[in-house]
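> My file is target.txt. It has compact mmCIF, C-alpha atoms:
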# COMPACT_ATOMS: atom_id res chain seq x y z
CA MET A 6 205.29 -90.89 39.41
CA SER A 7 204.91 -93.82 41.75
CA ILE A 8 203.02 -96.99 40.93
CA ALA A 9 200.14 -97.88 43.24
CA TRP A 10 200.91 -101.60 43.46
CA ASN A 11 198.12 -102.15 45.97
CA ALA A 12 195.55 -100.79 43.49
CA PHE A 13 197.08 -102.55 40.44
CA THR A 14 194.83 -105.41 39.26
CA PRO A 15 196.54 -106.92 36.21
CA ALA A 16 194.56 -110.18 36.05
CA THR A 17 191.06 -108.70 36.14
CA ALA A 18 192.21 -105.87 33.86
CA LEU A 19 193.35 -108.37 31.21
CA ILE A 20 190.27 -110.61 31.60
CA GLY A 21 187.90 -107.65 31.47
CA GLY A 22 189.78 -106.25 28.50
CA ALA A 23 189.57 -109.60 26.72
CA LEU A 24 185.78 -109.63 27.27
CA ILE A 25 185.53 -106.13 25.81
CA GLY A 26 187.66 -107.21 22.84
CA ALA A 27 185.54 -110.34 22.36
CA ALA A 28 182.38 -108.22 22.33
CA ALA A 29 183.88 -105.83 19.78
CA ALA A 30 185.04 -108.79 17.66
CA ALA A 31 181.60 -110.43 17.76
CA PHE A 32 179.97 -107.18 16.76
CA VAL A 33 182.01 -106.77 13.60
CA VAL A 34 181.89 -110.47 12.72
CA PHE A 35 178.09 -110.77 13.08
CA ASN A 36 176.68 -107.25 12.70
CA GLY A 37 179.49 -105.69 10.68
CA ARG A 38 179.71 -102.67 12.92
CA ILE A 39 182.07 -100.82 15.21
CA ALA A 40 181.22 -101.23 18.91
CA GLY A 41 181.53 -97.54 19.70
CA VAL A 42 179.23 -96.57 22.54
CA SER A 43 179.03 -92.82 21.87
CA GLY A 44 178.22 -93.36 18.19
CA ILE A 45 175.59 -96.00 18.91
CA LEU A 46 173.94 -93.68 21.46
CA GLY A 47 174.28 -90.69 19.16
CA GLY A 48 172.41 -92.52 16.42
CA LEU A 49 169.46 -92.91 18.79
CA LEU A 50 169.37 -89.13 19.20
CA ARG A 51 169.13 -88.79 15.44
CA PRO A 52 166.89 -91.72 14.65
CA ALA A 53 166.61 -93.18 11.16
CA ARG A 54 164.17 -95.88 10.07
CA GLY A 55 165.37 -99.44 10.63
CA ASP A 56 168.33 -98.16 12.59
CA ILE A 57 166.88 -98.02 16.08
CA ALA A 58 166.36 -101.57 17.40
CA TRP A 59 169.98 -102.77 17.25
CA ARG A 60 171.18 -99.56 18.89
CA ALA A 61 168.60 -99.74 21.69
CA ALA A 62 169.43 -103.43 22.22
CA PHE A 63 173.17 -102.69 22.55
CA VAL A 64 172.45 -99.93 25.08
CA ALA A 65 170.07 -102.22 26.99
CA GLY A 66 172.81 -104.87 27.16
CA LEU A 67 175.24 -102.42 28.74
CA VAL A 68 172.66 -101.23 31.27
CA ALA A 69 171.70 -104.85 32.08
CA ALA A 70 175.32 -105.90 32.69
CA PRO A 71 175.38 -105.08 36.44
CA LEU A 72 172.11 -106.98 36.91
CA ALA A 73 173.49 -110.03 35.09
CA TYR A 74 176.77 -109.87 37.00
CA GLY A 75 174.86 -109.59 40.28
CA VAL A 76 173.11 -112.91 39.61
CA PHE A 77 176.41 -114.77 39.86
CA ALA A 78 178.54 -112.72 42.22
CA ALA A 79 178.54 -109.65 44.41
CA LEU A 80 179.05 -106.57 42.25
CA PRO A 81 182.40 -104.83 42.76
CA ALA A 82 182.03 -101.62 44.73
CA ILE A 83 182.09 -98.36 42.82
CA ARG A 84 183.08 -94.96 44.13
CA VAL A 85 182.13 -91.59 42.67
CA ASP A 86 183.74 -88.82 44.71
CA THR A 87 183.12 -86.11 42.15
CA ASP A 88 180.61 -83.36 43.11
CA ILE A 89 177.29 -83.33 41.30
CA ALA A 90 178.00 -79.93 39.71
CA VAL A 91 181.33 -81.16 38.33
CA LEU A 92 179.70 -84.38 37.13
CA ILE A 93 177.15 -82.37 35.15
CA VAL A 94 179.87 -80.28 33.49
CA ALA A 95 181.88 -83.44 32.82
CA GLY A 96 178.86 -85.19 31.30
CA LEU A 97 178.13 -82.27 29.00
CA LEU A 98 181.77 -82.18 27.83
CA VAL A 99 181.80 -85.94 27.22
CA GLY A 100 178.49 -85.74 25.35
CA VAL A 101 179.58 -82.93 23.05
CA GLY A 102 183.21 -84.00 22.68
CA THR A 103 182.57 -87.62 21.73
CA ARG A 104 180.10 -86.59 19.02
CA TYR A 105 182.30 -83.82 17.63
CA GLY A 106 185.31 -86.14 17.71
CA SER A 107 183.30 -89.08 16.25
CA GLY A 108 184.11 -91.52 19.04
CA CYS A 109 185.10 -92.35 22.57
CA THR A 110 187.20 -94.86 24.50
CA SER A 111 185.41 -97.80 22.84
CA GLY A 112 185.04 -96.61 19.23
CA HIS A 113 188.43 -94.95 18.90
CA GLY A 114 190.38 -96.47 21.80
CA VAL A 115 189.47 -100.14 21.42
CA CYS A 116 187.94 -100.64 17.96
CA GLY A 117 189.90 -97.95 16.12
CA ILE A 118 193.30 -98.97 17.46
CA SER A 119 192.42 -102.62 16.76
CA ARG A 120 191.88 -101.59 13.13
CA LEU A 121 195.10 -99.53 13.18
CA SER A 122 193.07 -96.49 12.10
CA PRO A 123 195.33 -93.41 12.08
CA ARG A 124 192.32 -91.21 12.93
CA SER A 125 191.52 -93.27 16.00
CA ILE A 126 195.14 -93.37 17.14
CA VAL A 127 195.26 -89.56 16.99
CA ALA A 128 191.89 -89.27 18.78
CA THR A 129 193.00 -91.68 21.52
CA LEU A 130 196.25 -89.79 22.07
CA ALA A 131 194.25 -86.55 22.28
CA PHE A 132 191.66 -87.69 24.81
CA MET A 133 194.25 -89.54 26.90
CA ALA A 134 196.47 -86.46 27.02
CA ALA A 135 193.51 -84.25 27.94
CA GLY A 136 192.46 -86.75 30.62
CA PHE A 137 195.95 -86.90 32.14
CA ALA A 138 196.24 -83.11 32.06
CA THR A 139 192.81 -82.60 33.63
CA VAL A 140 193.50 -84.97 36.52
CA PHE A 141 196.89 -83.33 37.04
CA VAL A 142 195.16 -79.95 37.38
CA THR A 143 192.29 -81.12 39.61
CA ARG A 144 194.39 -83.32 41.91
CA HIS A 145 197.71 -81.52 42.06
CA LEU A 146 197.20 -77.85 41.17
CA LEU A 147 193.76 -76.89 42.50
CA MET B 65 168.76 -111.73 14.97
CA TYR B 66 170.90 -108.61 14.71
CA THR B 67 168.99 -107.11 17.59
CA ALA B 68 169.62 -110.15 19.79
CA ALA B 69 173.30 -110.13 18.81
CA SER B 70 173.48 -106.43 19.68
CA PHE B 71 172.01 -107.05 23.10
CA LEU B 72 174.45 -109.87 23.84
CA VAL B 73 177.40 -107.83 22.63
CA GLY B 74 176.33 -104.91 24.84
CA LEU B 75 175.95 -107.29 27.77
CA VAL B 76 179.40 -108.89 27.35
CA PHE B 77 180.92 -105.46 26.78
CA GLY B 78 179.35 -104.26 30.03
CA LEU B 79 180.48 -107.33 31.95
CA GLY B 80 184.00 -106.69 30.64
CA LEU B 81 183.86 -103.11 31.90
CA ILE B 82 182.77 -104.31 35.36
CA VAL B 83 185.41 -107.05 35.58
CA ALA B 84 188.11 -104.69 34.32
CA GLY B 85 187.30 -102.03 36.90
CA MET B 86 186.41 -99.45 34.23
CA ALA B 87 182.92 -99.08 35.74
CA ASN B 88 184.51 -97.65 38.89
CA PRO B 89 185.26 -93.95 38.33
CA GLU B 90 187.81 -93.90 41.18
CA LYS B 91 189.85 -96.59 39.42
CA VAL B 92 189.72 -94.73 36.12
CA LEU B 93 190.92 -91.54 37.82
CA GLY B 94 193.69 -93.57 39.47
CA PHE B 95 194.87 -94.48 35.96
CA LEU B 96 194.65 -90.87 34.75
CA ASP B 97 196.60 -89.61 37.79
CA LEU B 98 200.12 -90.00 36.41
CA ALA B 99 201.62 -87.63 38.97
CA GLY B 100 200.04 -89.34 41.96
CA ALA B 101 199.91 -93.00 42.97
CA TRP B 102 199.46 -94.33 39.44
CA ASP B 103 197.31 -97.41 38.83
CA PRO B 104 198.39 -98.82 35.43
CA SER B 105 195.55 -101.39 35.28
CA LEU B 106 193.55 -99.68 32.55
CA ALA B 107 196.46 -99.81 30.14
CA LEU B 108 196.15 -103.60 30.40
CA VAL B 109 192.39 -103.41 29.81
CA MET B 110 193.07 -101.68 26.52
CA ALA B 111 195.90 -104.05 25.62
CA GLY B 112 193.70 -107.09 26.35
CA ALA B 113 190.81 -105.70 24.32
CA ILE B 114 192.99 -104.82 21.34
CA ALA B 115 194.78 -108.19 21.42
CA VAL B 116 191.47 -110.03 21.21
CA GLY B 117 189.67 -107.61 18.88
CA SER B 118 192.25 -106.86 16.22
CA GLY B 119 192.09 -110.26 14.48
CA ALA B 120 188.38 -109.84 13.84
CA TYR B 121 188.87 -106.52 12.04
CA ALA B 122 191.70 -107.90 9.93
CA LEU B 123 189.38 -110.73 8.89
CA MET B 124 186.32 -108.58 8.21
CA ARG B 125 188.25 -106.03 6.19
CA GLN B 126 188.52 -108.74 3.50
CA ARG B 127 184.79 -109.45 3.47
CA ALA B 128 181.77 -107.56 2.19
CA ARG B 129 179.27 -109.49 4.33
CA THR B 130 179.27 -110.70 7.92
CA LEU B 131 178.68 -114.27 9.07
CA LEU B 132 175.01 -113.33 9.49
CA GLY B 133 174.90 -111.76 6.04
CA ALA B 134 174.86 -108.09 7.06
CA PRO B 135 177.01 -105.65 5.09
CA VAL B 136 180.33 -104.84 6.76
CA ARG B 137 180.27 -101.14 7.65
CA LEU B 138 183.66 -99.97 8.76
CA PRO B 139 184.50 -96.28 8.98
CA VAL B 140 185.65 -94.76 5.71
CA GLU B 141 186.67 -91.31 6.94
CA ARG B 142 190.44 -90.80 6.73
CA ALA B 143 191.01 -87.12 7.46
CA ILE B 144 192.73 -86.12 10.67
CA ASP B 145 190.89 -82.83 11.04
CA ARG B 146 189.96 -80.25 13.61
CA PRO B 147 186.66 -81.81 14.75
CA LEU B 148 188.47 -85.10 15.46
CA VAL B 149 191.19 -83.52 17.58
CA LEU B 150 189.15 -80.77 19.24
CA GLY B 151 186.26 -83.10 20.02
CA SER B 152 188.61 -85.69 21.49
CA LEU B 153 190.32 -83.06 23.65
CA VAL B 154 186.94 -81.85 24.98
CA PHE B 155 185.95 -85.45 25.68
CA GLY B 156 189.24 -86.04 27.49
CA VAL B 157 188.67 -83.06 29.81
CA GLY B 158 185.22 -84.38 30.75
CA TRP B 159 186.65 -87.88 31.21
CA GLY B 160 189.35 -86.50 33.48
CA LEU B 161 186.84 -84.54 35.57
CA ALA B 162 184.55 -87.49 36.30
CA GLY B 163 186.45 -90.68 35.42
CA ILE B 164 183.43 -91.76 33.37
CA CYS B 165 183.21 -92.33 29.60
CA PRO B 166 180.10 -93.35 27.63
CA GLY B 167 180.19 -97.15 28.12
CA PRO B 168 180.72 -96.99 31.90
CA ALA B 169 178.06 -94.24 32.11
CA LEU B 170 175.48 -96.77 30.92
CA VAL B 171 176.82 -99.49 33.23
CA LEU B 172 176.70 -97.08 36.20
CA ALA B 173 173.09 -96.31 35.33
CA GLY B 174 172.46 -100.07 35.52
CA TYR B 175 174.07 -100.07 38.97
CA GLY B 176 171.36 -97.60 39.93
CA ALA B 177 174.01 -95.12 41.06
CA ILE B 178 172.38 -91.68 41.33
CA LYS B 179 175.60 -89.92 40.34
CA GLY B 180 175.89 -92.23 37.35
CA LEU B 181 172.38 -91.29 36.24
CA VAL B 182 173.16 -87.58 36.65
CA PHE B 183 176.28 -87.97 34.53
CA LEU B 184 174.38 -89.98 31.88
CA ALA B 185 171.61 -87.34 31.71
CA ALA B 186 174.20 -84.58 31.25
CA MET B 187 176.06 -86.62 28.62
CA LEU B 188 172.90 -87.27 26.60
CA THR B 189 172.01 -83.59 26.88
CA GLY B 190 175.45 -82.68 25.53
CA SER B 191 175.07 -85.08 22.60
CA ALA B 192 171.52 -83.85 21.91
CA VAL B 193 172.66 -80.22 21.89
CA PHE B 194 175.42 -81.20 19.49
CA GLU B 195 172.86 -82.90 17.21
CA LEU B 196 170.70 -79.75 17.24
CA LEU B 197 173.62 -77.49 16.40
CA MET B 198 174.79 -79.80 13.65
CA GLN B 199 171.31 -80.61 12.31
CA ASN B 200 172.07 -79.30 8.88
CA ARG B 201 175.24 -81.22 8.33
CA PRO B 202 174.99 -83.98 5.75
CA HIS B 203 174.45 -87.51 6.99
CA GLU B 204 177.73 -89.22 7.71
CA GLU B 205 178.97 -91.83 5.30
CA GLU B 206 177.45 -95.18 6.06
CA GLY B 207 179.55 -96.97 8.60
CA ASN B 208 181.26 -93.84 9.72
CA ARG B 209 179.50 -93.77 13.05
CA ARG B 210 181.36 -94.92 16.09
I'd like the structure from this file rewritten - as structure tokens, please.

Amino acid sequence: MSIAWNAFTPATALIGGALIGAAAAAFVVFNGRIAGVSGILGGLLRPARGDIAWRAAFVAGLVAAPLAYGVFAALPAIRVDTDIAVLIVAGLLVGVGTRYGSGCTSGHGVCGISRLSPRSIVATLAFMAAGFATVFVTRHLL
Amino acid sequence: MYTAASFLVGLVFGLGLIVAGMANPEKVLGFLDLAGAWDPSLALVMAGAIAVGSGAYALMRQRARTLLGAPVRLPVERAIDRPLVLGSLVFGVGWGLAGICPGPALVLAGYGAIKGLVFLAAMLTGSAVFELLMQNRPHEEEGNRR
């Protein structure tokens, strides 16, 4: 392992992380809920009365974020080098896996660890390990 | 009121993802590439988020109602079972293939990135298929949705 110091962005990582934590904190303090993106989306696929508006609004906020950011500053560049076919497979795996595992990076990784939930700590270790292993295979073995 | 709060929370969450670099799949893959030139930034994203978020959960655990009067619905499930581990492993493989998880997928759609939209469509399809297969399962305990 070597650290890519030129790519390391500790200040923006901490500020961005703090914003994510503030959003999660506000959500539990005001709405009493976990800010887990896969669960909020999943609930829209299985709609129940009176349970749709807040979910749709949360999703709309996430989608609107680049537009809002763009009002004040140039959006940071993004790069997606992955082939379309691989992206489709990846999307399907993320869609199924996050529902079967009851959470993703936000619900388990941020909110769950913040609550010291043993379930979420196990889930986070599992998806991190699988992510590390997958990138090892695709970048160094294939 | 709750709907407006939800929108603002989603917006701040998304801005955080953009500032942190999590909306850029190449940066996420740089974090997951332990054997290559490793970019540790995303570990700090998580640390920053947990440092700010954890106090709020400690506070709300003591309360039945939120500041707006809504019931506090925190997950009640305790079991570390096969769905939790297997589902998380499957998610991790997909995350490692694309460098995109559900929050950034929505932000990338907002960027108007075609590849982001393709990923989002596939992800929603995966979740929808899961819902169809699991249609007969009992509704989860209230608050047990993440």
> Which residues are near Ile25 in chain A? Cut-off 8 Å, all atoms listed in the file, ignore same chain within fewer than 6 positions. Put them as number ranges by chain.
B: 76-78, 80-81, 113
> Figure out the distance between CA of Ala115 in chain B and CA of Ile20 in chain A, please, to one decimal in Å.
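Going from CA of Ile20 in chain A over to CA of Ala115 in chain B covers 11.4 Å.
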> Which residues, written as a PDB file with C-alpha atoms, in the frame of the given file, have at least one atom at most 12 Å from Gly151 in chain B, with all atoms listed in the file counted and residues fewer than 5 positions away on the same chain left out?

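Saved as result.pdb:
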ATOM      1  CA  LEU A  98     181.770 -82.180  27.830  1.00  0.00           C
ATOM      2  CA  VAL A  99     181.800 -85.940  27.220  1.00  0.00           C
ATOM      3  CA  GLY A 100     178.490 -85.740  25.350  1.00  0.00           C
ATOM      4  CA  VAL A 101     179.580 -82.930  23.050  1.00  0.00           C
ATOM      5  CA  GLY A 102     183.210 -84.000  22.680  1.00  0.00           C
ATOM      6  CA  THR A 103     182.570 -87.620  21.730  1.00  0.00           C
ATOM      7  CA  ARG A 104     180.100 -86.590  19.020  1.00  0.00           C
ATOM      8  CA  TYR A 105     182.300 -83.820  17.630  1.00  0.00           C
ATOM      9  CA  GLY A 106     185.310 -86.140  17.710  1.00  0.00           C
ATOM     10  CA  SER A 107     183.300 -89.080  16.250  1.00  0.00           C
ATOM     11  CA  GLY A 108     184.110 -91.520  19.040  1.00  0.00           C
ATOM     12  CA  CYS A 109     185.100 -92.350  22.570  1.00  0.00           C
ATOM     13  CA  VAL A 127     195.260 -89.560  16.990  1.00  0.00           C
ATOM     14  CA  ALA A 128     191.890 -89.270  18.780  1.00  0.00           C
ATOM     15  CA  THR A 129     193.000 -91.680  21.520  1.00  0.00           C
ATOM     16  CA  ALA A 131     194.250 -86.550  22.280  1.00  0.00           C
ATOM     17  CA  PHE A 132     191.660 -87.690  24.810  1.00  0.00           C
ATOM     18  CA  ALA A 135     193.510 -84.250  27.940  1.00  0.00           C
TER      19      ALA A 135
ATOM     20  CA  ILE B 144     192.730 -86.120  10.670  1.00  0.00           C
ATOM     21  CA  ASP B 145     190.890 -82.830  11.040  1.00  0.00           C
ATOM     22  CA  ARG B 146     189.960 -80.250  13.610  1.00  0.00           C
ATOM     23  CA  GLY B 156     189.240 -86.040  27.490  1.00  0.00           C
ATOM     24  CA  VAL B 157     188.670 -83.060  29.810  1.00  0.00           C
ATOM     25  CA  GLY B 158     185.220 -84.380  30.750  1.00  0.00           C
ATOM     26  CA  SER B 191     175.070 -85.080  22.600  1.00  0.00           C
ATOM     27  CA  PHE B 194     175.420 -81.200  19.490  1.00  0.00           C
TER      28      PHE B 194
END
> Hey, what's within 12 Å of Arg127 in chain B if we count all atoms listed in the file and toss same-chain stuff fewer than 2 positions away? As a PDB file with C-alpha atoms, keeping the file's coordinate frame, please?

ATOM      1  CA  VAL A  33     182.010-106.770  13.600  1.00  0.00           C
ATOM      2  CA  VAL A  34     181.890-110.470  12.720  1.00  0.00           C
ATOM      3  CA  PHE A  35     178.090-110.770  13.080  1.00  0.00           C
ATOM      4  CA  GLY A  37     179.490-105.690  10.680  1.00  0.00           C
TER       5      GLY A  37
ATOM      6  CA  ALA B 120     188.380-109.840  13.840  1.00  0.00           C
ATOM      7  CA  TYR B 121     188.870-106.520  12.040  1.00  0.00           C
ATOM      8  CA  ALA B 122     191.700-107.900   9.930  1.00  0.00           C
ATOM      9  CA  LEU B 123     189.380-110.730   8.890  1.00  0.00           C
ATOM     10  CA  MET B 124     186.320-108.580   8.210  1.00  0.00           C
ATOM     11  CA  ARG B 125     188.250-106.030   6.190  1.00  0.00           C
ATOM     12  CA  ARG B 129     179.270-109.490   4.330  1.00  0.00           C
ATOM     13  CA  THR B 130     179.270-110.700   7.920  1.00  0.00           C
ATOM     14  CA  LEU B 131     178.680-114.270   9.070  1.00  0.00           C
ATOM     15  CA  GLY B 133     174.900-111.760   6.040  1.00  0.00           C
ATOM     16  CA  ALA B 134     174.860-108.090   7.060  1.00  0.00           C
ATOM     17  CA  PRO B 135     177.010-105.650   5.090  1.00  0.00           C
ATOM     18  CA  VAL B 136     180.330-104.840   6.760  1.00  0.00           C
ATOM     19  CA  ARG B 137     180.270-101.140   7.650  1.00  0.00           C
ATOM     20  CA  LEU B 138     183.660 -99.970   8.760  1.00  0.00           C
TER      21      LEU B 138
END
> Suppose you want the space between CA of Pro168 in chain B and CA of Gly180 in chain B; what is it in Å?
8.7 Å
